[in-house]
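Undergrad: Pasting query_26.cif here (mmCIF, C-alpha atoms and all ligand atoms):
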data_run
#
loop_
_atom_site.label_atom_id
_atom_site.label_comp_id
_atom_site.auth_asym_id
_atom_site.auth_seq_id
_atom_site.Cartn_x
_atom_site.Cartn_y
_atom_site.Cartn_z
CA MET M 1 8.10 -3.92 -78.05
CA SER M 2 11.75 -3.54 -78.93
CA GLY M 3 12.99 -3.89 -75.35
CA ILE M 4 15.64 -1.37 -76.38
CA LYS M 5 16.01 1.56 -74.01
CA SER M 6 19.56 2.74 -74.50
CA VAL M 7 21.56 3.34 -77.65
CA GLY M 8 25.31 3.44 -78.20
CA ILE M 9 26.77 4.85 -81.40
CA VAL M 10 30.29 4.47 -82.80
CA GLY M 11 31.19 7.23 -85.25
CA ALA M 12 29.95 10.78 -84.72
CA GLY M 13 30.10 11.97 -88.34
CA GLN M 14 27.07 13.09 -90.33
CA MET M 15 25.30 9.71 -89.97
CA GLY M 16 26.22 8.88 -86.36
CA ALA M 17 25.18 12.33 -85.18
CA GLY M 18 21.90 12.07 -87.11
CA ILE M 19 21.08 8.66 -85.62
CA ALA M 20 21.92 10.04 -82.17
CA GLN M 21 19.55 12.98 -82.73
CA VAL M 22 16.53 10.94 -83.83
CA SER M 23 17.12 8.39 -81.05
CA ALA M 24 17.28 11.12 -78.40
CA GLN M 25 14.15 12.78 -79.83
CA ALA M 26 12.37 9.43 -79.48
CA GLY M 27 13.33 9.30 -75.79
CA TYR M 28 16.36 6.97 -75.83
CA ASP M 29 19.51 7.67 -73.82
CA VAL M 30 22.40 7.85 -76.27
CA LEU M 31 26.15 7.45 -75.80
CA LEU M 32 28.27 8.68 -78.68
CA TYR M 33 31.85 7.53 -79.30
CA ASP M 34 34.30 8.51 -82.04
CA VAL M 35 38.02 7.89 -82.45
CA SER M 36 38.30 11.66 -83.00
CA PRO M 37 37.21 13.79 -80.00
CA GLU M 38 36.76 16.68 -82.44
CA SER M 39 34.12 14.67 -84.33
CA ILE M 40 32.16 14.10 -81.10
CA GLU M 41 32.23 17.84 -80.37
CA LYS M 42 31.19 18.63 -83.95
CA GLY M 43 28.53 15.91 -83.86
CA ILE M 44 26.92 17.21 -80.67
CA ALA M 45 27.07 20.80 -81.99
CA GLY M 46 25.30 19.54 -85.15
CA ILE M 47 22.58 17.87 -83.08
CA LYS M 48 22.06 21.12 -81.16
CA LYS M 49 21.69 23.01 -84.45
CA GLY M 50 19.32 20.36 -85.84
CA LEU M 51 17.10 20.54 -82.76
CA ALA M 52 17.12 24.37 -82.85
CA LYS M 53 15.85 24.23 -86.46
CA LEU M 54 12.95 22.03 -85.33
CA VAL M 55 12.12 24.49 -82.53
CA ALA M 56 12.16 27.36 -85.06
CA LYS M 57 9.73 25.37 -87.25
CA GLN M 58 7.58 24.70 -84.15
CA ALA M 59 8.01 20.96 -84.64
CA LEU M 60 9.48 20.73 -81.11
CA THR M 61 9.20 22.88 -77.99
CA GLN M 62 12.37 24.35 -76.48
CA ALA M 63 11.90 22.08 -73.45
CA GLU M 64 11.69 18.98 -75.69
CA ALA M 65 14.80 20.04 -77.60
CA ASP M 66 16.72 20.66 -74.35
CA ALA M 67 15.66 17.27 -72.99
CA ALA M 68 16.69 15.50 -76.23
CA LEU M 69 20.09 17.20 -76.24
CA ALA M 70 20.67 16.25 -72.60
CA ARG M 71 20.03 12.59 -73.50
CA VAL M 72 23.09 12.54 -75.83
CA GLN M 73 26.36 12.11 -73.98
CA PRO M 74 29.89 11.24 -75.06
CA GLY M 75 30.94 7.72 -74.05
CA THR M 76 33.87 5.32 -74.40
CA LEU M 77 33.75 2.32 -76.73
CA PRO M 78 33.28 -0.19 -73.85
CA GLU M 79 30.40 1.95 -72.53
CA VAL M 80 28.79 2.04 -75.97
CA ALA M 81 29.09 -1.76 -76.15
CA ARG M 82 27.03 -2.17 -72.98
CA GLN M 83 23.91 -0.37 -74.30
CA ASP M 84 20.86 -2.33 -75.50
CA ILE M 85 21.85 -1.61 -79.09
CA ALA M 86 25.26 -0.45 -80.34
CA ILE M 87 25.11 1.04 -83.83
CA GLU M 88 28.31 1.45 -85.81
CA ALA M 89 28.35 4.46 -88.15
CA ALA M 90 32.09 4.88 -88.76
CA THR M 91 33.93 5.38 -92.05
CA GLU M 92 32.87 3.02 -94.88
CA ASN M 93 35.93 0.76 -94.69
CA GLU M 94 35.68 -2.95 -93.96
CA THR M 95 38.99 -3.17 -92.04
CA ILE M 96 38.00 -0.27 -89.77
CA LYS M 97 34.49 -1.64 -89.19
CA LYS M 98 35.71 -5.17 -88.42
CA GLN M 99 38.15 -3.82 -85.82
CA ILE M 100 35.36 -1.76 -84.22
CA PHE M 101 33.12 -4.86 -84.02
CA ARG M 102 35.93 -6.99 -82.55
CA ASP M 103 36.43 -4.29 -79.88
CA LEU M 104 32.67 -3.97 -79.24
CA ALA M 105 32.30 -7.76 -78.97
CA ASP M 106 34.93 -7.79 -76.20
CA HIS M 107 32.69 -5.59 -74.03
CA VAL M 108 29.06 -6.34 -75.00
CA GLY M 109 26.31 -7.14 -72.54
CA THR M 110 24.63 -10.53 -73.07
CA ASP M 111 21.61 -9.03 -74.80
CA THR M 112 23.27 -6.17 -76.69
CA ILE M 113 22.35 -6.01 -80.35
CA LEU M 114 25.23 -4.99 -82.61
CA ALA M 115 24.14 -3.07 -85.70
CA SER M 116 25.96 -1.53 -88.63
CA ASN M 117 24.86 1.46 -90.66
CA THR M 118 27.11 0.38 -93.54
CA SER M 119 25.95 1.50 -96.97
CA SER M 120 27.23 -1.55 -98.78
CA ILE M 121 29.42 -3.99 -96.85
CA SER M 122 28.24 -7.55 -96.18
CA ILE M 123 26.42 -7.81 -92.84
CA THR M 124 27.28 -11.52 -92.69
CA ARG M 125 31.01 -10.74 -93.04
CA LEU M 126 30.95 -7.99 -90.39
CA ALA M 127 28.95 -10.25 -88.06
CA SER M 128 31.46 -13.07 -88.48
CA VAL M 129 34.15 -11.29 -86.44
CA THR M 130 31.92 -10.80 -83.37
CA GLY M 131 31.49 -14.41 -82.20
CA ARG M 132 27.74 -13.71 -81.85
CA PRO M 133 26.44 -13.27 -85.42
CA HIS M 134 22.87 -14.09 -84.32
CA LYS M 135 22.77 -10.76 -82.41
CA PHE M 136 23.98 -8.73 -85.41
CA ILE M 137 21.97 -6.75 -88.00
CA GLY M 138 22.24 -4.04 -90.63
CA LEU M 139 20.27 -0.86 -89.95
CA HIS M 140 20.85 1.41 -92.91
CA PHE M 141 19.66 4.94 -92.20
CA MET M 142 19.47 7.53 -94.99
CA ASN M 143 21.13 10.95 -95.05
CA PRO M 144 20.07 13.36 -93.51
CA VAL M 145 18.74 11.00 -90.83
CA PRO M 146 16.28 13.43 -89.18
CA ILE M 147 14.57 14.08 -92.53
CA MET M 148 14.72 10.83 -94.51
CA ARG M 149 11.95 8.40 -93.63
CA LEU M 150 13.49 5.08 -94.62
CA VAL M 151 15.62 2.58 -92.73
CA GLU M 152 16.71 -0.50 -94.69
CA ILE M 153 16.93 -3.60 -92.52
CA ILE M 154 19.43 -6.25 -93.53
CA ARG M 155 19.63 -9.62 -91.80
CA GLY M 156 22.91 -11.50 -92.05
CA ILE M 157 22.74 -15.22 -92.66
CA ALA M 158 22.79 -15.90 -88.89
CA THR M 159 20.64 -13.00 -87.56
CA ASP M 160 17.98 -14.46 -85.26
CA VAL M 161 14.29 -13.56 -85.15
CA PRO M 162 14.36 -11.72 -81.75
CA THR M 163 17.23 -9.50 -83.01
CA TYR M 164 15.29 -8.73 -86.20
CA GLU M 165 12.04 -8.03 -84.35
CA ALA M 166 13.69 -5.79 -81.72
CA SER M 167 15.57 -3.86 -84.44
CA LEU M 168 12.42 -3.44 -86.52
CA ALA M 169 10.50 -2.12 -83.50
CA PHE M 170 13.41 0.21 -82.68
CA ALA M 171 13.49 1.69 -86.21
CA GLN M 172 9.70 2.13 -86.17
CA SER M 173 9.88 3.81 -82.75
CA LEU M 174 12.07 6.50 -84.38
CA GLY M 175 9.20 7.24 -86.76
CA LYS M 176 10.89 5.50 -89.68
CA THR M 177 9.41 3.23 -92.33
CA THR M 178 11.46 0.12 -92.99
CA ALA M 179 12.26 -1.97 -96.06
CA ASN M 180 13.88 -5.39 -95.77
CA SER M 181 16.82 -6.14 -98.01
CA GLU M 182 18.70 -9.38 -98.46
CA ASP M 183 22.40 -9.21 -97.63
CA PHE M 184 23.90 -8.53 -101.08
CA PRO M 185 26.36 -5.75 -101.95
CA ALA M 186 24.93 -2.25 -101.34
CA PHE M 187 21.46 -3.69 -100.52
CA ILE M 188 18.51 -2.05 -102.36
CA VAL M 189 18.79 1.75 -102.29
CA ASN M 190 22.51 2.02 -103.03
CA ARG M 191 22.53 -0.86 -105.54
CA ILE M 192 20.34 1.39 -107.68
CA LEU M 193 21.29 4.93 -106.61
CA ILE M 194 25.10 4.80 -106.46
CA PRO M 195 25.69 3.37 -109.98
CA MET M 196 23.43 6.18 -111.25
CA ILE M 197 25.65 8.81 -109.57
CA ASN M 198 28.78 7.01 -110.87
CA GLU M 199 27.24 7.17 -114.36
CA ALA M 200 26.71 10.92 -113.90
CA VAL M 201 30.45 11.22 -113.09
CA TYR M 202 31.22 9.27 -116.32
CA THR M 203 28.97 11.69 -118.20
CA LEU M 204 31.09 14.55 -116.83
CA TYR M 205 34.37 12.67 -117.44
CA GLU M 206 33.48 12.00 -121.08
CA GLY M 207 32.49 15.63 -121.63
CA VAL M 208 28.85 14.89 -122.39
CA GLY M 209 27.83 17.76 -120.12
CA THR M 210 29.12 20.21 -117.53
CA VAL M 211 28.39 19.80 -113.81
CA GLU M 212 25.61 22.36 -114.13
CA ALA M 213 24.11 20.77 -117.26
CA ILE M 214 24.09 17.27 -115.76
CA ASP M 215 22.47 18.36 -112.50
CA THR M 216 19.94 20.62 -114.23
CA ALA M 217 19.08 17.83 -116.68
CA LEU M 218 18.28 15.29 -113.97
CA LYS M 219 16.48 17.78 -111.71
CA LEU M 220 14.19 19.10 -114.42
CA GLY M 221 14.19 16.12 -116.76
CA ALA M 222 13.67 13.33 -114.25
CA ASN M 223 12.14 15.39 -111.44
CA HIS M 224 14.93 14.52 -108.98
CA PRO M 225 15.05 16.92 -106.00
CA MET M 226 18.88 17.09 -106.26
CA GLY M 227 21.16 16.60 -109.25
CA PRO M 228 23.33 13.44 -109.12
CA LEU M 229 26.63 15.34 -108.73
CA GLU M 230 25.16 17.56 -106.03
CA LEU M 231 23.91 14.39 -104.32
CA GLY M 232 27.35 12.76 -104.67
CA ASP M 233 28.93 15.76 -102.90
CA PHE M 234 26.26 15.49 -100.20
CA ILE M 235 26.84 11.77 -99.60
CA GLY M 236 30.64 12.19 -99.64
CA LEU M 237 32.77 11.15 -102.62
CA ASP M 238 34.90 8.79 -100.46
CA THR M 239 31.74 6.96 -99.36
CA LEU M 240 30.52 6.87 -102.97
CA LEU M 241 33.82 5.36 -104.18
CA SER M 242 33.85 2.78 -101.37
CA ILE M 243 30.33 1.66 -102.32
CA MET M 244 31.26 1.36 -106.02
CA ASN M 245 34.30 -0.73 -105.03
CA VAL M 246 32.12 -3.02 -102.90
CA LEU M 247 29.68 -3.46 -105.82
CA HIS M 248 32.53 -4.06 -108.28
CA ASP M 249 34.31 -6.59 -106.03
CA GLY M 250 31.17 -8.24 -104.69
CA LEU M 251 29.26 -8.67 -107.95
CA ALA M 252 32.31 -9.05 -110.22
CA ASP M 253 30.62 -7.19 -113.04
CA SER M 254 32.46 -4.49 -115.02
CA LYS M 255 29.31 -2.37 -115.17
CA TYR M 256 30.11 -1.35 -111.57
CA ARG M 257 33.62 0.00 -112.28
CA PRO M 258 34.17 3.32 -110.48
CA CYS M 259 34.72 6.29 -112.78
CA PRO M 260 38.44 7.31 -112.87
CA LEU M 261 37.40 10.93 -112.30
CA LEU M 262 35.70 9.93 -109.04
CA VAL M 263 38.89 8.12 -107.97
CA LYS M 264 40.94 11.24 -108.80
CA TYR M 265 38.69 13.54 -106.76
CA VAL M 266 38.97 11.25 -103.74
CA GLU M 267 42.76 11.02 -104.16
CA ALA M 268 42.86 14.83 -104.16
CA GLY M 269 40.91 14.93 -100.89
CA TRP M 270 37.97 16.56 -102.71
CA LEU M 271 35.28 14.66 -100.86
CA GLY M 272 32.30 16.94 -101.44
CA ARG M 273 30.51 19.09 -98.89
CA LYS M 274 32.33 17.70 -95.88
CA SER M 275 35.73 18.79 -97.21
CA GLY M 276 34.47 22.05 -98.80
CA ARG M 277 35.08 20.92 -102.39
CA GLY M 278 33.85 18.20 -104.71
CA PHE M 279 31.92 18.69 -107.95
CA TYR M 280 31.06 22.06 -106.42
CA ASP M 281 33.16 24.49 -104.36
CA TYR M 282 31.43 25.27 -101.06
CA GLY M 283 33.74 28.14 -99.99
CA GLY M 284 31.31 30.96 -100.89
CA GLU M 285 27.67 31.85 -100.30
CA THR M 286 26.39 29.53 -103.03
CA PRO M 287 28.08 26.36 -104.37
CA VAL M 288 30.05 26.95 -107.58
CA PRO M 289 30.56 24.08 -110.11
CA THR M 290 34.22 23.04 -110.35
CA ARG M 291 33.96 21.83 -113.99
P1 LIG L 1 31.69 10.67 -91.88
O1 LIG L 1 33.01 10.72 -92.60
O2 LIG L 1 30.86 11.91 -91.76
O3 LIG L 1 31.90 10.08 -90.38
C1 LIG L 1 32.63 8.95 -90.09
C2 LIG L 1 33.12 9.06 -88.66
O4 LIG L 1 33.71 7.81 -88.27
C3 LIG L 1 34.20 10.14 -88.45
O5 LIG L 1 33.77 11.03 -87.43
C4 LIG L 1 35.43 9.35 -88.03
O6 LIG L 1 36.25 10.03 -87.08
C5 LIG L 1 34.78 8.12 -87.41
N1 LIG L 1 35.68 6.97 -87.31
C6 LIG L 1 36.59 6.51 -88.21
N2 LIG L 1 37.23 5.44 -87.71
C7 LIG L 1 36.72 5.21 -86.47
C8 LIG L 1 36.98 4.24 -85.45
N3 LIG L 1 37.90 3.30 -85.63
N4 LIG L 1 36.27 4.30 -84.31
C9 LIG L 1 35.33 5.27 -84.13
N5 LIG L 1 35.03 6.21 -85.06
C10 LIG L 1 35.72 6.17 -86.21
O7 LIG L 1 30.88 9.49 -92.61
P2 LIG L 1 29.28 9.27 -92.65
O8 LIG L 1 28.75 9.88 -93.90
O9 LIG L 1 28.69 9.64 -91.33
O10 LIG L 1 29.23 7.68 -92.88
C11 LIG L 1 29.31 6.78 -91.79
C12 LIG L 1 28.72 5.44 -92.20
O11 LIG L 1 27.36 5.61 -92.60
C13 LIG L 1 29.43 4.77 -93.39
O12 LIG L 1 29.40 3.38 -93.21
C14 LIG L 1 28.56 5.18 -94.55
O13 LIG L 1 28.67 4.30 -95.64
C15 LIG L 1 27.18 5.11 -93.91
N6 LIG L 1 26.15 5.91 -94.58
C16 LIG L 1 26.45 7.11 -95.13
C17 LIG L 1 25.45 7.84 -95.78
C18 LIG L 1 25.77 9.17 -96.41
O14 LIG L 1 24.96 9.67 -97.20
N7 LIG L 1 26.86 9.80 -96.08
C19 LIG L 1 24.14 7.34 -95.84
C20 LIG L 1 23.85 6.11 -95.22
C21 LIG L 1 24.86 5.40 -94.60
#
Could you rewrite the structure in this file as structure tokens?
TA:
Amino acid sequence: MSGIKSVGIVGAGQMGAGIAQVSAQAGYDVLLYDVSPESIEKGIAGIKKGLAKLVAKQALTQAEADAALARVQPGTLPEVARQDIAIEAATENETIKKQIFRDLADHVGTDTILASNTSSISITRLASVTGRPHKFIGLHFMNPVPIMRLVEIIRGIATDVPTYEASLAFAQSLGKTTANSEDFPAFIVNRILIPMINEAVYTLYEGVGTVEAIDTALKLGANHPMGPLELGDFIGLDTLLSIMNVLHDGLADSKYRPCPLLVKYVEAGWLGRKSGRGFYDYGGETPVPTR
């Protein structure tokens, strides 16, 4: 038994909204907070759309979808901090995340578990600013959360056994399979996946292939469901660059240097699907390669 009944989420972007949806579907009451009220509105609209898709596929009844949607409510940061588990899913930036955890720690209940959905940042370092690192854990959901079956679980150096066991039971109660990772930069999935996408950007940068050629090659040649550049756009190029920087800084190995073309795209605000343009342009009916 996880003992967790209520869930608070900080960050209502693609990941926060997804975690809110699967938690509500599993019967948890969810409070959603974001620094941008627009993101909360967009997040809840996205959950409504996601649930409607499941009703159309007959995976949920309309009554179940309505009940799940009603369980997700906007909340303030102090309210989020008082839930049984507060999961941070804000922008992949260590300064931002540390400030969020300092603020959450000021308001937590005695038993609240603090969790981060970070893709790459040290759980031990994030936990260190809370004054209660034993009640802190990494719960790394995959994108899109309602579809992807894995949650990586990362214990910081101080995470205690009850926090780990409650978090494991919580992830399993959402229907997810878990994999434990030690607390090293980018954990397991992104340690392997993100350098591959960065290498695909190098392949484009060096003119080895066009966007279309690179994605077609990996889809048909390696049987990947999405091409690496398409996947980069889906993840978000800002998130991708942040993860490469964490790998580069944390492992001090030049093989993790971010591709200059990736840096340039992020500087241009071309962040992939979420901004309408990345390695593809998403303005029309079908995505069009930009190189
Ligand atoms: P996103 O850009 O869609 O959403 C981030 C949200 O955080 C935005 O709504 C933003 O307003 C909010 N935010 C920023 N600063 C905040 C603050 N101080 N307080 C509250 N909210 C704040 O990003 P995302 O893709 O949902 O990623 C969120 C987290 O999940 C990141 O840590 C990312 O690394 C991780 N993650 C992403 C993926 C992916 O494929 N995109 C997969 C797994 C994990």
Undergrad: Please find the residues contacting ligand LIG 1 (chain L) at a distance of at most 6 Å between atoms, with all atoms listed in the file counted, and report them as number ranges by chain.
TA: M: 10-16, 34-36, 39, 89-92, 96, 100, 117-119, 140-143, 235-236, 239
Undergrad: Got a sec: who's within 12 Å of M:Arg125, counting only C-alpha atoms, leaving out chain neighbours fewer than 6 positions off, as a VMD selection string?
TA: chain M and resid 94 to 95 97 to 98 101 116 118 131 133 136 to 138 155 to 159 183 to 185 250
Undergrad: Using only C-alpha atoms, find the one residue out of M:Val80, M:Ile243, M:Val211, M:Leu271 that sits nearest to M:Ala186.
TA: M:Ile243
Undergrad: Which one is closest to M:Ile194: M:Gln99, M:Ser275, M:Thr163, M:Asn245? Count only C-alpha atoms.
TA: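 Using only C-alpha atoms, the shortest distance to M:Ile194 belongs to M:Asn245.
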Undergrad: Do you have, as CSV, the list of residues of stretch 163-192 of chain M lying at most 7 Å from stretch 150-154 of chain M, each with its nearest atom pair and that distance in Å to one decimal, counting only C-alpha atoms and ordered by chain then number?
TA:
residue,atom,partner,partner_atom,distance
M:Ala171,CA,M:Val151,CA,6.9
M:Lys176,CA,M:Leu150,CA,5.6
M:Thr177,CA,M:Leu150,CA,5.0
M:Thr178,CA,M:Val151,CA,4.8
M:Ala179,CA,M:Glu152,CA,4.9
M:Asn180,CA,M:Ile153,CA,4.8
M:Ser181,CA,M:Ile154,CA,5.2
M:Glu182,CA,M:Ile154,CA,5.9
M:Asp183,CA,M:Ile154,CA,5.9
Undergrad: If I take atom CA of M:Pro258 and atom CA of M:Trp270, how far is one from the other in Å, to one decimal?
TA: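 If I compute the distance from atom CA of M:Pro258 to atom CA of M:Trp270, I get 15.8 Å.
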Undergrad: Record the distance separating atom CA of M:Gly269 and atom CA of M:Ile188, expressed in Å with one decimal.
TA: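 Those two atoms sit 28.1 Å apart.
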Undergrad: Restricting the calculation to all atoms listed in the file: of M:Ile4, M:Leu31, M:Val161, M:Ile214, which residue gets closest to M:Pro78?
TA: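 Closest residue, counting all atoms listed in the file: M:Leu31.
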Undergrad: By how many Å are atom CA of M:Gly18 and atom CA of M:Gly3 apart?
TA: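 Atom-to-atom, atom CA of M:Gly18 and atom CA of M:Gly3 are spaced 21.7 Å apart.
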Undergrad: Using only C-alpha atoms, can you tell me which of M:Glu285, M:Leu174, M:His224, M:Leu247 comes closest to M:Phe187?
TA: M:Leu247
Undergrad: Find, counting all atoms listed in the file, the residue in M:Gly207, M:Asp233, M:Pro260, M:Pro287 that gets nearest to M:Lys274.
TA: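 When distances to M:Lys274 are compared using all atoms listed in the file, the smallest one comes from M:Asp233.
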Undergrad: For stretch 174-179 of chain M, take all atoms listed in the file, fit an axis-aligned box around them, add 3 Å to each of the six sides, then output centre and edge lengths in Å rounded to one decimal, as lines of an AutoDock Vina configuration file.
TA:
center_x = 10.7
center_y = 2.6
center_z = -90.2
size_x = 9.1
size_y = 15.2
size_z = 17.7
Undergrad: Between M:Ala81, M:Ala24, M:Ala17, M:Ala105, which residue has the minimum interatomic distance to M:Asp66, considering only C-alpha atoms?
TA: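 Of M:Ala81, M:Ala24, M:Ala17, M:Ala105, the one nearest M:Asp66, counting only C-alpha atoms, is M:Ala24.
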Undergrad: Quick one: residues within 10 Å of M:Phe170, only C-alpha atoms counted, chain neighbours fewer than 6 positions away excluded, as a PDB file with C-alpha atoms, keeping the file's coordinate frame?
TA:
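Below is the file that was written, selection.pdb:
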ATOM      1  CA  MET M   1       8.100  -3.920 -78.050  1.00  0.00           C
ATOM      2  CA  SER M   2      11.750  -3.540 -78.930  1.00  0.00           C
ATOM      3  CA  GLY M   3      12.990  -3.890 -75.350  1.00  0.00           C
ATOM      4  CA  ILE M   4      15.640  -1.370 -76.380  1.00  0.00           C
ATOM      5  CA  LYS M   5      16.010   1.560 -74.010  1.00  0.00           C
ATOM      6  CA  SER M  23      17.120   8.390 -81.050  1.00  0.00           C
ATOM      7  CA  ALA M  26      12.370   9.430 -79.480  1.00  0.00           C
ATOM      8  CA  ILE M  85      21.850  -1.610 -79.090  1.00  0.00           C
ATOM      9  CA  TYR M 164      15.290  -8.730 -86.200  1.00  0.00           C
ATOM     10  CA  LYS M 176      10.890   5.500 -89.680  1.00  0.00           C
TER      11      LYS M 176
END
Undergrad: Which neighbours of M:Pro228 fall inside 10 Å, counting all atoms listed in the file, when residues of the same chain fewer than 4 positions from it are skipped, and could you give them as a PDB file with C-alpha atoms, in the frame of the given file?
TA:
ATOM      1  CA  LEU M 193      21.290   4.930-106.610  1.00  0.00           C
ATOM      2  CA  ILE M 194      25.100   4.800-106.460  1.00  0.00           C
ATOM      3  CA  MET M 196      23.430   6.180-111.250  1.00  0.00           C
ATOM      4  CA  ILE M 197      25.650   8.810-109.570  1.00  0.00           C
ATOM      5  CA  ASN M 198      28.780   7.010-110.870  1.00  0.00           C
ATOM      6  CA  GLU M 199      27.240   7.170-114.360  1.00  0.00           C
ATOM      7  CA  ALA M 200      26.710  10.920-113.900  1.00  0.00           C
ATOM      8  CA  VAL M 201      30.450  11.220-113.090  1.00  0.00           C
ATOM      9  CA  VAL M 211      28.390  19.800-113.810  1.00  0.00           C
ATOM     10  CA  ILE M 214      24.090  17.270-115.760  1.00  0.00           C
ATOM     11  CA  ASP M 215      22.470  18.360-112.500  1.00  0.00           C
ATOM     12  CA  THR M 216      19.940  20.620-114.230  1.00  0.00           C
ATOM     13  CA  ALA M 217      19.080  17.830-116.680  1.00  0.00           C
ATOM     14  CA  LEU M 218      18.280  15.290-113.970  1.00  0.00           C
ATOM     15  CA  LYS M 219      16.480  17.780-111.710  1.00  0.00           C
ATOM     16  CA  HIS M 224      14.930  14.520-108.980  1.00  0.00           C
ATOM     17  CA  GLY M 232      27.350  12.760-104.670  1.00  0.00           C
ATOM     18  CA  ASP M 233      28.930  15.760-102.900  1.00  0.00           C
ATOM     19  CA  PHE M 234      26.260  15.490-100.200  1.00  0.00           C
TER      20      PHE M 234
END
Undergrad: Considering only C-alpha atoms, return as an mmCIF file with C-alpha atoms, in the frame of the given file whatever protein or nucleic-acid residues lie within 12 Å of M:Lys49, sequence-local ones (same chain, fewer than 3 positions apart) excluded.
TA:
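Result file follows (selection_35.cif):
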data_model
loop_
_atom_site.group_PDB
_atom_site.id
_atom_site.type_symbol
_atom_site.label_atom_id
_atom_site.label_comp_id
_atom_site.auth_asym_id
_atom_site.auth_seq_id
_atom_site.Cartn_x
_atom_site.Cartn_y
_atom_site.Cartn_z
ATOM 1 C CA ALA M 17 25.180 12.330 -85.180
ATOM 2 C CA GLY M 18 21.900 12.070 -87.110
ATOM 3 C CA GLN M 21 19.550 12.980 -82.730
ATOM 4 C CA LYS M 42 31.190 18.630 -83.950
ATOM 5 C CA GLY M 43 28.530 15.910 -83.860
ATOM 6 C CA ILE M 44 26.920 17.210 -80.670
ATOM 7 C CA ALA M 45 27.070 20.800 -81.990
ATOM 8 C CA GLY M 46 25.300 19.540 -85.150
ATOM 9 C CA ALA M 52 17.120 24.370 -82.850
ATOM 10 C CA LYS M 53 15.850 24.230 -86.460
ATOM 11 C CA LEU M 54 12.950 22.030 -85.330
ATOM 12 C CA VAL M 55 12.120 24.490 -82.530
ATOM 13 C CA ALA M 56 12.160 27.360 -85.060
ATOM 14 C CA ALA M 65 14.800 20.040 -77.600
ATOM 15 C CA ASP M 66 16.720 20.660 -74.350
ATOM 16 C CA LEU M 69 20.090 17.200 -76.240
ATOM 17 C CA PRO M 146 16.280 13.430 -89.180
#
Undergrad: At a cut-off of 10 Å around the point (38.1, 12.8, -110.5) (file coordinates), what residues fall inside when counting all atoms listed in the file? I'd like the answer as a list in words.
TA: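 Output of the proximity query reads Val201, Tyr202, Leu204, Tyr205, Leu237, Cys259, Pro260, Leu261, Leu262, Val263, Lys264, Tyr265, Val266, Glu267, Ala268, Trp270, Gly278 and Phe279 of chain M.
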Undergrad: Please list, as a list in words, the residues that have an atom at most 10 Å away from (23.7, -1.6, -69.0) in the coordinates of this file, counting all atoms listed in the file.
TA: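 Residues lying no farther than 10 Å from the given point: Lys5, Ser6, Glu79, Val80, Ala81, Arg82, Gln83, Asp84, Val108, Gly109, Thr110, Asp111 and Thr112 of chain M.
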